[in-house]
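Report on the following structure.
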Amino acid sequence: MRYDVAIVGAGVIGCAIARELSRSLATVALIERDVEVGLGTSKANSGIIHGGHRAHDGTLKAATEWRGNQLWGELAKELPFGFERVGDLTVAFDEADLAVLHETLEQGRRRGVTGLELWDAERLRREEPNLSHEAIAALHAPSAGVVNPYEACFALAESAVRNGVDLKLEHAVEGIDRDGDGFVVRTSRGDVAARFVVNAAGLFGDAVARMAGASAPTIRARKGEEYLLDKRLAGYVGRVVFPTPSGESKGILLIPTYDGTLMVGPTAHWTADHGADTTDLDTTAAGAAEVFAGARRLAPGIAEADCIAEFAGLRAVADGEDFVIGATEVAGFLNVIGIQSPGLTAAPAIAQDVVALLAAQGLELEPDDAFVPGLEAPVRAAQLDFEELARVARGDPAFGRIACRCERVTEGEVRAAIARGARTMDGVKFRTRAGMGRCQGGFCAWRVMSLIAEATDTPIPAVTKKGGGSWIARVRTDAAERSDAPDAPDGTREVAHG
Ligand SMILES: Cc1cc2nc3c(=O)[nH]c(=O)nc-3n(C[C@H](O)[C@H](O)[C@H](O)COP(=O)(O)OP(=O)(O)OC[C@H]3O[C@@H](n4cnc5c(N)ncnc54)[C@H](O)[C@@H]3O)c2cc1C
């Protein structure tokens with residue numbers, strides 16, 4: 001079959017484009033090399049839906065940030081993912097900062113951002129008593145929100161698939177050849193023919209463009225380290241808190257995530273070999289020191305001792321620092337790359353723009369009358385009281401068995417996540433929160449692995465953290481030669497000592 005459109009990359013950008021196209025009768029393949037969608041930069045970020053006032057005038061970031069902000073509100077009504085407009089504050093510590101806040105306020109108003117307000121020190125202390133008393137003012141943007149970005153990717157992709165998109169996971173794109181007026185996309189699992197190709201390959205956007213013979217700016221990776229704090233700090237701040245920005249970086253932030261965990265970060269530094277290394281996801285002692293110093297400047301009570309987890313994400317940065325969205329000299333091949341922050345915020349607006357660009361290039365977009373915008377929300381035991389949970393468990397006893405104690409996730413939720421497509425520990429974790437709490441999977445990892453193995457009919461050692469070779473268990477036998485013990489997927493065996 002020849003698709004109308006092949007999208008390379010199922011991060012939030014590819015998933016949002018696929019879902020937007022699924023409103024029409026166009027045939028679409030969403031091609032992703034990972035075992036699940038959204039496991040690239042789209043899962044490893046601050047999860048902020050920016051207020052819409054921040055991006056510099058005249059950029060594609062500015063053209064899509066506020067529209068994206070508004071569209072997330074619409075999407076959250078249709079699809080099940082965590083989203084809340086908690087608002088944000090940009091804090092000034094001196095007169096120079098205050099001048100920047102005035103400019104940002106004017107910029108936001110010009111753009112139509114609603115609700116922006118300057119707060120004096122007294123108002124700031126009343127609203128956010130844990131912030132530094134050195135702060136002299138803050139710009140409040142009630143339009144800003146927080147989202148669970150991985151849940152959003154899963155929901156966008158699931159909705160796209162329900163509306164006819166073919167999701168091709170574990171299909172690494174290795175080449176793109178011209179074929180008449182279209183393309184043949186060569187993947188690790190066979191060819192995909194399509195009239196149009198949309199390149200949404202994140203950090204590998206320049207490499208994918210080269211495969212098609214299209215030009216693209218070099219993409220460099222700018223790493224951001226983030227640190228999650230114990231839930232005992234839930235409510236410590238009610239809003240996302242930014243310092244007054246300097247340069248491209250937004251600085252170190254305080255982020256009250258949708259699920260109640262306070263997060264601090266991110267750093268912004270080129271990866272080890274000045275950007276070309278797109279696999280360096282290490283957190284570092286220097287990064288932690290920078291993040292906690294920055295966080296304490298905003299809220300002096302923040303302490304390293306409260307850290308329960310840390311991760312890093314990589315921004316895909318194009319020369320010129322702006323998004324690169326548009327047609328290329330190769331007719332029918334579009335770049336949607338260099339989508340660094342605020343790419344998550346902008347994603348639904350970018351998706352609309354890309355669909356309009358495809359239409360301008362000749363793609364017919366007859367509306368699909370059978371398009372279903374909604375998706376059923378999964379059960380969330382942690383959000384139910386005991387009576388409600390007991391009622392659910394009477395229907396299916398698996399909802400009466402706790403799999404993850406820290407986050408109060410039931411076995412039923414893990415099973416439901418697997419039924420909706422989770423194949424890895426991260427897939428279950430990011431759909432249910434099993435393993436995201438204080439013990440970081442110490443209690444539930446084995447249970448979740450067993451449930452994935454049972455549901456997918458695979459041996460436990462074949463269960464991975466996030467696909468590929470990211471196995472968690474090695475077969476441990478008292479005698480490696482025991483004939484009934486399966487080998488680990490890489491053929492290795494671990495022999496027990498003693
Ligand atoms: C630390 C950090 C904090 C951030 N905070 C925010 C924030 O708070 N708010 C905000 O709006 N934005 C934020 N961002 C930016 C946001 O995360 C990105 O803009 C967004 O996730 C980019 O999505 P994407 O789909 O372009 O890239 P990705 O999510 O990386 O998706 C690209 C996909 O392409 C796939 N792919 C690559 N090559 C191939 C191939 N050859 N074949 C098949 N598939 C391929 C990859 O596996 C990947 O899944 C942050 C970024 C970072 C790093």
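All residue names refer to the structure tokens as shown: chains lettered A, B, ... in order, residues numbered from 1 in each chain, ligands numbered from 1 in order.
Using only C-alpha atoms, the residues found no farther than 7 Å from range 421-433 of chain A, other than those of its own chain fewer than 2 positions away, are A:Tyr150, A:Glu151, A:Glu407, A:Val409, A:Glu413, A:Val414, A:Ala417, A:Ile418, A:Ala419, A:Gly435, A:Met436, A:Met449, A:Ile452, A:Val463, A:Thr464, A:Lys465, A:Lys466, A:Gly467.
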Q: Could you tell me, counting only C-alpha atoms and all ligand atoms, which protein and nucleic acid residues lie no more than 7 Å from ligand 1, written as number ranges by chain?
A: A: 8-14, 31-34, 37-50, 171-174, 200-205, 208, 223-226, 266, 312-315, 337, 339-346
Q. How would you write, as a ChimeraX atom specification, the set of residues in range 224-413 of chain A that DSSP gives as strand (DSSP E or B)?
A. /A:224-229,240-243,253-256,262-265,269-270,307-318,324-327,333-337,367,402-404,409-410
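Residues in contact with range 285-288 of chain A at 10 Å, where only C-alpha atoms are counted and same-chain residues fewer than 2 positions away are skipped, are listed as Gly224, Glu225, Glu226, Tyr227, Val264, Gly265, Pro266, Thr267, Ala268, His269, Asp282, Thr283, Glu290, Val291, Phe292, Ala293, Gly294, Glu304, Glu310 and Ala312 of chain A.
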**Q.** Selection near Leu30 in chain A, 6 Å with only C-alpha atoms, sequence-local residues under 2 positions removed, as JSON, numbers by chain
**A.** {"A": [7, 167, 168]}
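Interatomic distance, CA of Ala6 in chain A to CA of Val317 in chain A: 23.3 Å.
Here the DSSP assignment of alpha helix (DSSP H), based on backbone atoms, applies within range 185-242 of chain A to Gly205, Asp206, Ala207, Val208, Ala209, Arg210 and Met211 of chain A.
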I need the chosen residues saved as a tab-separated table (two decimals), in the first residue's frame, with N, CA and C atoms.
chain	number	residue	atom	x	y	z
A	205	GLY	N	16.84	14.67	13.26
A	205	GLY	CA	16.15	15.33	12.14
A	205	GLY	C	17.07	15.67	11.00
A	206	ASP	N	18.30	16.10	11.28
A	206	ASP	CA	19.22	16.44	10.17
A	206	ASP	C	19.65	15.18	9.43
A	207	ALA	N	19.86	14.09	10.17
A	207	ALA	CA	20.28	12.83	9.53
A	207	ALA	C	19.15	12.31	8.63
A	208	VAL	N	17.92	12.38	9.08
A	208	VAL	CA	16.79	11.89	8.28
A	208	VAL	C	16.61	12.77	7.04
A	209	ALA	N	16.79	14.07	7.19
A	209	ALA	CA	16.69	14.97	6.02
A	209	ALA	C	17.75	14.59	4.98
A	210	ARG	N	18.96	14.31	5.44
A	210	ARG	CA	20.04	13.93	4.51
A	210	ARG	C	19.68	12.67	3.73
A	211	MET	N	18.99	11.71	4.42
A	211	MET	CA	18.60	10.46	3.73
A	211	MET	C	17.75	10.76	2.50
(Q) Please list as JSON, numbers by chain every residue within 7 Å of Val240 in chain A, counting only C-alpha atoms and excluding residues in the same chain fewer than 6 positions away. (A) {"A": [87, 88, 89, 254, 255, 256]}
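Take the candidates A:Ala152, A:Asp177, A:Leu131, A:Glu170 and check each one against Val241 in chain A using only C-alpha atoms; the shortest distance goes to A:Leu131.
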Q.
With only C-alpha atoms as the counted atoms, please give the residues lying no more than 8 Å from Gly82 in chain A, apart from itself and same-chain residues fewer than 5 positions off, as a PyMOL selection string.
A. chain A and resi 76+146-148+151-152+258-259
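Between Leu262 in chain A and the residues A:Pro378, A:Gly332, A:Pro245, A:Gly238, the shortest atom-to-atom distance, using only C-alpha atoms, involves A:Gly238.
In terms of minimum interatomic distance to Arg222 in chain A, A:Ala316 ranks closest within A:Ala462, A:Ala316, A:Asp368, A:Glu376, counting only C-alpha atoms.
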Q: Select, from A:Asn335, A:Gln107, A:Thr261, A:Ser159, the residue with the minimum atom-to-atom distance to Ala234 in chain A, counting only C-alpha atoms.
A: A:Thr261
Val354 in chain A environment, 8 Å, only C-alpha atoms, sequence neighbours closer than 2 positions dropped, as a compact mmCIF listing (two decimals) with N, CA and C atoms, in the first residue's frame:
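out10.txt, freshly written:
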# COMPACT_ATOMS: atom_id res chain seq x y z
N ILE A 17 0.92 15.44 14.97
CA ILE A 17 0.64 15.56 13.52
C ILE A 17 -0.23 14.38 13.06
N ILE A 325 10.33 24.54 10.44
CA ILE A 325 9.07 23.90 10.04
C ILE A 325 8.80 24.31 8.61
N GLY A 326 8.75 23.35 7.68
CA GLY A 326 8.39 23.76 6.33
C GLY A 326 8.84 22.81 5.24
N ILE A 350 1.81 23.35 16.00
CA ILE A 350 2.71 22.89 14.93
C ILE A 350 1.98 21.86 14.07
N ALA A 351 1.25 20.96 14.73
CA ALA A 351 0.52 19.91 13.99
C ALA A 351 -0.47 20.54 13.01
N GLN A 352 -1.20 21.53 13.47
CA GLN A 352 -2.15 22.20 12.57
C GLN A 352 -1.42 22.85 11.40
N ALA A 356 -1.69 22.08 7.31
CA ALA A 356 -1.96 23.15 6.33
C ALA A 356 -0.87 23.16 5.24
N LEU A 357 0.39 22.95 5.64
CA LEU A 357 1.49 22.92 4.65
C LEU A 357 1.31 21.75 3.68
N LEU A 358 0.90 20.59 4.22
CA LEU A 358 0.68 19.42 3.36
C LEU A 358 -0.46 19.70 2.37
